Amino acid sequence: MVQDRGRYSIAFQATQTPAHFALVAAMAGHPWRPRARMTLLDIGCGRGHVVHVLAAANPEWSVFGLDIDSAAIAEARELAARAGLTNAFFLEADLATLDVAPLPHCDVMMAHGVWSWVGDAARSGLLAVLAQRLKPGGLAYLGTNARPGMDAEQPLQRLLRHLAGSDDLPGAERAMAALRGMMEAGGVPLPRTPMLARLLADPPLLEPAFVAHEFLTPHWRPDFHEDVCAALAPAKLDFLGSCNLVEALPALVCNEAQQALMATLPAGPEREFIKDLSLPRGFRADLFVRGARGVDRVTALDDIALAACIELPAEAPVLQTGIGRATLPEGAWAPLRAALARGPARIGALRALLPAETRPHPAELLALLVDSDIALPVFRATGSAPAADRFNRAAAEYHAADPAARGHFALAAPVAAGGLPADALDLSLVRTLLAGQVPDGDAARGRLAARLPVWRRFGIIGA
Ligand SMILES: C[S@@+](CC[C@H](N)C(=O)[O-])C[C@H]1O[C@@H](n2cnc3c(N)ncnc32)[C@H](O)[C@@H]1O
C-alpha cells in the first residue's frame, strides 16, 4: 500500500536541468549541449514541476515524468492540461515492479531525491531504466544523500520513525511534536545536526510532509559516492561531475593537505570521497554519462554563453567555498558587469575583457557567476514563446488559487532552455503582465523594475 505522506513541496532546482548539465559537462571536458529535439525522463517527478517547466520552455522536447504517487501524478497531469502542454507526459508506476518496455529511449534522465529513499527493488528498477532506456551518450542526473555528511542524521531518523508509529503525514506530525516535547523536557543525547536544528526551530523550518517523505521511509540511507558509482557501472554510466560547479575546482573546496591526499588517488570517485570528507554537505547532485569523451576543457568552457538572471550587483560576486570565499581580482567586476548588462556573453569573450594577469580560468569564472546565482546559460535567441506564456500564466493561476502552495517555483524560460526561480510575488507579477494588466502597489512595482529586464532577456515576457 502507498502511504499518504502529504504533498511534497514543489522544488525546482536549476541545477537539475539539461542547460546546467552542459556546464557540468564542460567543466569535465566532455562535449554535451542540449539539442533542439530531445527526450527526457524525470524519475520520481513528484508533482511534475520540473517536467512542466522543461516542456514549456522547450516545445520540441518530449518530457516524461514517472512517480508512484497517484495524487502527485493526477496533479501533474491536471496542470499540464490546463497549460496545454502537449509534450509533457506523466506515468504512474512503481520502480520496484516497473515494466521498462513502454518507456521511451531518452537523451537525459533525472532522479532527484529518489535513490537514497527507496528500497533495493526500486533501486534495481531505476538501474534497469538507466541501463535499458538511456541512449549512448545520454546523461543521467542523480541527487542523493551522501556519507559521511548525512551519517550523523541517522539516529534522528531512527528516533523519528519510532515516535511516528506510521510512515504517513499524521505520523510525521506526531513525531515532530513528540521530539519537541522530549527535547524541551531535557532531551535525549541526539547529535546536534542541521536537520535537528531545523526541526527544533520555532516555528519548525521543516514541513511535516517533507519529514514524512525524507525521513519516515523505512528505506532511507545515505551512501558513499563511490558505492553509487559502482552500482551505476553496469548501466555503463561514468561519473562526469558534481552539479555544484565549484566542486570541479579542488583548490577552492579543499585545503592543501586534502588536495595532497587527493593527488595520491585516481581521478573520479576516489577523489570525490575526499571532497565528501572535507565539505560539510549531506546532499550530492551528480551527473553521469553513458560513454565519456574528452575535448579541450578551456575551449568547451569558453564557448558557453551566459546571461544575467538577476539585477547585477554593484559589488563583485563572492562565492562561499569549502575553504573560504572566492571572488574576482580587484577591478575585474566592472567590465564584466558592463558586458553582462548589455546582454548574453560567452565566457571566452568575458575573459578577453580582462588583462592576462588578472584573467580567471574559465572554470573559475563559470563557477563564480553560476554558483552565486548571478547568471544562467543561454541557448536560444529571444522570440515568441506561446507554450512558455501559457504555462507561466497557468502555473501562476494554479498556485495562487492554492493556499497551501509552497516551494521553489520556476518560470519557463525558453532562452535558458529551462526555468528561472520565482517566488509567489514573481508568479503573480507574470500573471498580471501576461494578462495585459499593470501591477498595483509599491512592492509589486519595485520588484517588477528589477525583474522585467531579466524576464525579457530570458523570453519570459515578450520584448
Ligand atoms: C523526495 S521526493 C522528490 C520529488 C522530486 N523529484 C523533487 O525533487 O521535488 C521522491 C519522489 O519519489 C517518488 N517515489 C518513491 N518511491 C518510488 C517508487 N518505488 N517508484 C516511483 N516513484 C517513487 C515519491 O513518490 C516522490 O515523489
# chains A, B, ... in the order shown; residues from 1 in each chain; ligands from 1
>>> select_by_dssp(residues="range 136-266 of chain A", states="helix (DSSP H, G or I)", output="number ranges by chain")
A: 151-164, 169-184, 194-200, 208-215, 225-235, 245-248, 250-253, 256-263
>>> write_last_selection(atoms="C-alpha atoms", output="mmCIF file, in the first residue's frame")
data_model
loop_
_atom_site.group_PDB
_atom_site.id
_atom_site.type_symbol
_atom_site.label_atom_id
_atom_site.label_comp_id
_atom_site.auth_asym_id
_atom_site.auth_seq_id
_atom_site.Cartn_x
_atom_site.Cartn_y
_atom_site.Cartn_z
ATOM 1 C CA ASP A 151 25.689 9.852 8.770
ATOM 2 C CA ALA A 152 25.080 11.975 11.844
ATOM 3 C CA GLU A 153 21.377 12.276 10.906
ATOM 4 C CA GLN A 154 20.772 8.531 11.193
ATOM 5 C CA PRO A 155 19.925 8.442 14.940
ATOM 6 C CA LEU A 156 17.436 11.312 14.410
ATOM 7 C CA GLN A 157 15.787 9.448 11.539
ATOM 8 C CA ARG A 158 15.508 6.270 13.614
ATOM 9 C CA LEU A 159 14.023 8.173 16.580
ATOM 10 C CA LEU A 160 11.510 9.978 14.328
ATOM 11 C CA ARG A 161 10.382 6.648 12.912
ATOM 12 C CA HIS A 162 9.833 5.246 16.415
ATOM 13 C CA LEU A 163 7.973 8.370 17.540
ATOM 14 C CA ALA A 164 5.806 8.461 14.380
ATOM 15 C CA LEU A 169 1.634 12.579 7.354
ATOM 16 C CA PRO A 170 -0.112 12.112 10.772
ATOM 17 C CA GLY A 171 2.934 10.069 11.806
ATOM 18 C CA ALA A 172 5.253 12.936 10.859
ATOM 19 C CA GLU A 173 3.125 15.432 12.813
ATOM 20 C CA ARG A 174 3.153 13.101 15.858
ATOM 21 C CA ALA A 175 6.893 12.561 15.631
ATOM 22 C CA MET A 176 7.675 16.271 15.308
ATOM 23 C CA ALA A 177 5.517 17.166 18.340
ATOM 24 C CA ALA A 178 6.954 14.319 20.434
ATOM 25 C CA LEU A 179 10.532 15.213 19.502
ATOM 26 C CA ARG A 180 9.998 18.832 20.509
ATOM 27 C CA GLY A 181 8.412 17.829 23.865
ATOM 28 C CA MET A 182 11.210 15.383 24.523
ATOM 29 C CA MET A 183 13.971 17.898 23.805
ATOM 30 C CA GLU A 184 12.253 20.603 25.908
ATOM 31 C CA PRO A 194 21.374 20.560 10.819
ATOM 32 C CA MET A 195 18.105 18.581 10.494
ATOM 33 C CA LEU A 196 17.586 18.578 14.281
ATOM 34 C CA ALA A 197 18.173 22.344 14.398
ATOM 35 C CA ARG A 198 15.605 22.880 11.636
ATOM 36 C CA LEU A 199 13.061 20.644 13.406
ATOM 37 C CA LEU A 200 13.508 22.400 16.750
ATOM 38 C CA PRO A 208 5.530 17.585 8.189
ATOM 39 C CA ALA A 209 5.137 16.436 4.550
ATOM 40 C CA PHE A 210 8.878 16.918 3.993
ATOM 41 C CA VAL A 211 9.649 14.951 7.175
ATOM 42 C CA ALA A 212 7.300 12.172 6.052
ATOM 43 C CA HIS A 213 8.908 11.926 2.594
ATOM 44 C CA GLU A 214 12.503 12.401 3.690
ATOM 45 C CA PHE A 215 12.689 10.543 6.957
ATOM 46 C CA HIS A 225 29.545 8.276 -3.590
ATOM 47 C CA GLU A 226 31.870 5.558 -4.835
ATOM 48 C CA ASP A 227 29.249 2.918 -3.966
ATOM 49 C CA VAL A 228 26.660 4.797 -6.052
ATOM 50 C CA CYS A 229 29.170 4.906 -8.937
ATOM 51 C CA ALA A 230 29.784 1.162 -8.593
ATOM 52 C CA ALA A 231 26.021 0.498 -8.663
ATOM 53 C CA LEU A 232 25.678 2.578 -11.867
ATOM 54 C CA ALA A 233 28.657 0.994 -13.645
ATOM 55 C CA PRO A 234 26.682 -1.986 -15.067
ATOM 56 C CA ALA A 235 24.412 0.617 -16.766
ATOM 57 C CA LEU A 245 30.221 23.641 -10.251
ATOM 58 C CA VAL A 246 32.767 24.884 -7.738
ATOM 59 C CA GLU A 247 33.422 21.276 -6.724
ATOM 60 C CA ALA A 248 35.245 20.809 -10.047
ATOM 61 C CA PRO A 250 39.629 21.259 -5.823
ATOM 62 C CA ALA A 251 41.760 24.289 -4.935
ATOM 63 C CA LEU A 252 38.567 26.129 -3.951
ATOM 64 C CA VAL A 253 36.936 23.360 -1.948
ATOM 65 C CA GLU A 256 46.322 21.906 0.852
ATOM 66 C CA ALA A 257 46.512 18.726 2.952
ATOM 67 C CA GLN A 258 43.254 17.488 1.469
ATOM 68 C CA GLN A 259 44.455 18.295 -2.060
ATOM 69 C CA ALA A 260 47.730 16.464 -1.416
ATOM 70 C CA LEU A 261 45.785 13.399 -0.272
ATOM 71 C CA MET A 262 43.552 13.677 -3.326
ATOM 72 C CA ALA A 263 46.567 13.754 -5.644
#
>>> residues_around(residues="Leu287 in chain A", least_positions_apart="4", cutoff="8 Å", atoms="only C-alpha atoms", output="list in words")
Phe21, Val24, Leu139, Ala140, Tyr141, Leu142, Phe239, Leu240, Gly241, Ser242 and Cys243 of chain A
>>> write_last_selection(atoms="N, CA and C atoms", output="tab-separated table (two decimals), in the first residue's frame")
chain	number	residue	atom	x	y	z
A	21	PHE	N	23.41	20.91	-17.08
A	21	PHE	CA	24.26	19.73	-17.34
A	21	PHE	C	25.34	20.07	-18.37
A	24	VAL	N	28.20	21.42	-16.44
A	24	VAL	CA	28.91	20.36	-15.69
A	24	VAL	C	29.78	19.56	-16.66
A	139	LEU	N	22.77	11.48	-20.72
A	139	LEU	CA	23.17	11.94	-19.39
A	139	LEU	C	22.18	11.46	-18.33
A	140	ALA	N	22.71	11.12	-17.15
A	140	ALA	CA	21.86	10.74	-16.03
A	140	ALA	C	22.24	11.59	-14.83
A	141	TYR	N	21.23	12.21	-14.22
A	141	TYR	CA	21.44	13.04	-13.04
A	141	TYR	C	20.88	12.29	-11.82
A	142	LEU	N	21.64	12.27	-10.74
A	142	LEU	CA	21.18	11.63	-9.51
A	142	LEU	C	21.41	12.56	-8.33
A	239	PHE	N	30.96	8.68	-14.07
A	239	PHE	CA	30.75	9.93	-13.33
A	239	PHE	C	31.38	11.09	-14.10
A	240	LEU	N	30.60	12.15	-14.33
A	240	LEU	CA	31.13	13.33	-15.02
A	240	LEU	C	31.53	14.44	-14.05
A	241	GLY	N	30.65	14.72	-13.09
A	241	GLY	CA	30.99	15.78	-12.15
A	241	GLY	C	29.80	16.16	-11.30
A	242	SER	N	30.09	17.00	-10.30
A	242	SER	CA	29.04	17.49	-9.42
A	242	SER	C	28.33	18.66	-10.08
A	243	CYS	N	27.01	18.76	-9.85
A	243	CYS	CA	26.27	19.89	-10.39
A	243	CYS	C	26.54	21.16	-9.59
>>> closest_atom_pairs(of="chain A", to="ligand 1", cutoff="6 Å", atoms="only C-alpha atoms and all ligand atoms", output="CSV")
residue,atom,partner,partner_atom_place_in_ligand_line,distance
A:Ile10,CA,ligand 1,9 (O),5.6
A:Ala11,CA,ligand 1,9 (O),4.7
A:Gly44,CA,ligand 1,12 (O),3.7
A:Cys45,CA,ligand 1,6 (N),4.4
A:Gly46,CA,ligand 1,27 (O),3.4
A:Asp67,CA,ligand 1,22 (N),3.8
A:Ile68,CA,ligand 1,21 (C),4.0
A:Asp69,CA,ligand 1,25 (O),4.6
A:Ala93,CA,ligand 1,21 (C),5.7
A:Asp94,CA,ligand 1,20 (N),3.6
A:Leu95,CA,ligand 1,20 (N),3.9
A:Ala96,CA,ligand 1,19 (N),5.3
A:His112,CA,ligand 1,6 (N),4.4
A:Gly113,CA,ligand 1,1 (C),4.4
A:Val114,CA,ligand 1,10 (C),4.9
A:Val118,CA,ligand 1,16 (N),5.4
A:Ala122,CA,ligand 1,19 (N),5.0
A:His213,CA,ligand 1,1 (C),5.8
A:Glu214,CA,ligand 1,1 (C),6.0
>>> write_last_selection(atoms="N, CA, C and O atoms", output="PDB file, in the first residue's frame")
ATOM      1  N   ILE A  10       6.833  21.702  -3.937  1.00  0.00           N
ATOM      2  CA  ILE A  10       7.447  21.877  -5.253  1.00  0.00           C
ATOM      3  C   ILE A  10       8.868  22.383  -5.051  1.00  0.00           C
ATOM      4  O   ILE A  10       9.094  23.281  -4.243  1.00  0.00           O
ATOM      5  N   ALA A  11       9.806  21.798  -5.770  1.00  0.00           N
ATOM      6  CA  ALA A  11      11.200  22.205  -5.554  1.00  0.00           C
ATOM      7  C   ALA A  11      11.939  22.192  -6.881  1.00  0.00           C
ATOM      8  O   ALA A  11      12.535  21.184  -7.253  1.00  0.00           O
ATOM      9  N   GLY A  44      10.661   9.770 -10.399  1.00  0.00           N
ATOM     10  CA  GLY A  44      10.286  10.298  -9.085  1.00  0.00           C
ATOM     11  C   GLY A  44       9.998  11.784  -9.223  1.00  0.00           C
ATOM     12  O   GLY A  44      10.532  12.610  -8.493  1.00  0.00           O
ATOM     13  N   CYS A  45       9.129  12.114 -10.189  1.00  0.00           N
ATOM     14  CA  CYS A  45       8.915  13.524 -10.579  1.00  0.00           C
ATOM     15  C   CYS A  45       8.028  14.273  -9.605  1.00  0.00           C
ATOM     16  O   CYS A  45       7.855  15.483  -9.744  1.00  0.00           O
ATOM     17  N   GLY A  46       7.433  13.561  -8.607  1.00  0.00           N
ATOM     18  CA  GLY A  46       6.527  14.233  -7.678  1.00  0.00           C
ATOM     19  C   GLY A  46       5.402  14.920  -8.427  1.00  0.00           C
ATOM     20  O   GLY A  46       4.793  14.339  -9.329  1.00  0.00           O
ATOM     21  N   ASP A  67       6.165   8.590 -11.433  1.00  0.00           N
ATOM     22  CA  ASP A  67       6.126   8.570  -9.969  1.00  0.00           C
ATOM     23  C   ASP A  67       5.116   7.538  -9.509  1.00  0.00           C
ATOM     24  O   ASP A  67       4.152   7.238 -10.219  1.00  0.00           O
ATOM     25  N   ILE A  68       5.342   7.036  -8.298  1.00  0.00           N
ATOM     26  CA  ILE A  68       4.421   6.050  -7.724  1.00  0.00           C
ATOM     27  C   ILE A  68       3.175   6.714  -7.146  1.00  0.00           C
ATOM     28  O   ILE A  68       2.144   6.071  -6.965  1.00  0.00           O
ATOM     29  N   ASP A  69       3.263   8.007  -6.870  1.00  0.00           N
ATOM     30  CA  ASP A  69       2.240   8.714  -6.106  1.00  0.00           C
ATOM     31  C   ASP A  69       1.090   9.157  -7.018  1.00  0.00           C
ATOM     32  O   ASP A  69       1.237  10.084  -7.825  1.00  0.00           O
ATOM     33  N   ALA A  93       3.813   4.828 -11.880  1.00  0.00           N
ATOM     34  CA  ALA A  93       4.444   3.500 -11.875  1.00  0.00           C
ATOM     35  C   ALA A  93       5.332   3.359 -10.644  1.00  0.00           C
ATOM     36  O   ALA A  93       5.870   4.344 -10.134  1.00  0.00           O
ATOM     37  N   ASP A  94       5.460   2.105 -10.188  1.00  0.00           N
ATOM     38  CA  ASP A  94       6.340   1.786  -9.055  1.00  0.00           C
ATOM     39  C   ASP A  94       7.646   1.247  -9.637  1.00  0.00           C
ATOM     40  O   ASP A  94       7.638   0.252 -10.369  1.00  0.00           O
ATOM     41  N   LEU A  95       8.744   1.898  -9.309  1.00  0.00           N
ATOM     42  CA  LEU A  95      10.047   1.447  -9.831  1.00  0.00           C
ATOM     43  C   LEU A  95      10.320  -0.009  -9.464  1.00  0.00           C
ATOM     44  O   LEU A  95      11.010  -0.718 -10.196  1.00  0.00           O
ATOM     45  N   ALA A  96       9.766  -0.444  -8.332  1.00  0.00           N
ATOM     46  CA  ALA A  96      10.055  -1.804  -7.866  1.00  0.00           C
ATOM     47  C   ALA A  96       9.446  -2.870  -8.768  1.00  0.00           C
ATOM     48  O   ALA A  96       9.922  -4.008  -8.784  1.00  0.00           O
ATOM     49  N   HIS A 112      15.920  13.080  -8.826  1.00  0.00           N
ATOM     50  CA  HIS A 112      16.318  13.951  -7.715  1.00  0.00           C
ATOM     51  C   HIS A 112      15.597  13.487  -6.453  1.00  0.00           C
ATOM     52  O   HIS A 112      14.366  13.478  -6.410  1.00  0.00           O
ATOM     53  N   GLY A 113      16.365  13.082  -5.455  1.00  0.00           N
ATOM     54  CA  GLY A 113      15.739  12.699  -4.185  1.00  0.00           C
ATOM     55  C   GLY A 113      15.056  11.355  -4.243  1.00  0.00           C
ATOM     56  O   GLY A 113      14.012  11.182  -3.603  1.00  0.00           O
ATOM     57  N   VAL A 114      15.578  10.410  -4.976  1.00  0.00           N
ATOM     58  CA  VAL A 114      14.943   9.099  -5.096  1.00  0.00           C
ATOM     59  C   VAL A 114      15.862   7.993  -4.553  1.00  0.00           C
ATOM     60  O   VAL A 114      15.496   7.250  -3.633  1.00  0.00           O
ATOM     61  N   VAL A 118      14.604   4.898  -1.450  1.00  0.00           N
ATOM     62  CA  VAL A 118      13.818   3.732  -1.879  1.00  0.00           C
ATOM     63  C   VAL A 118      14.573   2.439  -1.565  1.00  0.00           C
ATOM     64  O   VAL A 118      15.795   2.443  -1.389  1.00  0.00           O
ATOM     65  N   ALA A 122      13.274  -1.074  -5.782  1.00  0.00           N
ATOM     66  CA  ALA A 122      13.082   0.154  -6.569  1.00  0.00           C
ATOM     67  C   ALA A 122      14.414   0.625  -7.147  1.00  0.00           C
ATOM     68  O   ALA A 122      14.472   1.121  -8.279  1.00  0.00           O
ATOM     69  N   HIS A 213       8.260  12.425   3.813  1.00  0.00           N
ATOM     70  CA  HIS A 213       8.908  11.926   2.594  1.00  0.00           C
ATOM     71  C   HIS A 213      10.388  11.643   2.819  1.00  0.00           C
ATOM     72  O   HIS A 213      10.924  10.662   2.312  1.00  0.00           O
ATOM     73  N   GLU A 214      11.047  12.521   3.569  1.00  0.00           N
ATOM     74  CA  GLU A 214      12.503  12.401   3.690  1.00  0.00           C
ATOM     75  C   GLU A 214      12.908  11.337   4.694  1.00  0.00           C
ATOM     76  O   GLU A 214      13.887  10.637   4.492  1.00  0.00           O
TER      77      GLU A 214
END
>>> atom_distance(atom1="CA of Ala339 in chain A", atom2="CA of Asp373 in chain A")
17.0 Å
>>> select_by_dssp(residues="range 208-418 of chain A", states="strand (DSSP E or B)", output="PyMOL selection string")
chain A and resi 223+238-242+283-289+305-308+319-321+324-326+345-346+375-377+407-413+418
>>> residues_around(residues="range 70-87 of chain A", least_positions_apart="3", cutoff="12 Å", atoms="only C-alpha atoms", output="ChimeraX atom specification")
/A:1-10,37-41,43-67,90-94,386-399,412
>>> closest_residue(among="A:Ala345, A:Ala401, A:Ala308, A:Val415", to="Ser384 in chain A", atoms="only C-alpha atoms")
A:Val415
>>> atom_distance(atom1="CA of His219 in chain A", atom2="CA of Asp276 in chain A")
21.9 Å
>>> closest_residue(among="A:Leu365, A:Ala111, A:Ala36, A:Val318", to="Asp286 in chain A", atoms="only C-alpha atoms")
A:Ala111
>>> closest_residue(among="A:Leu126, A:Ile310, A:Val295, A:Leu206", to="Pro453 in chain A", atoms="only C-alpha atoms")
A:Ile310
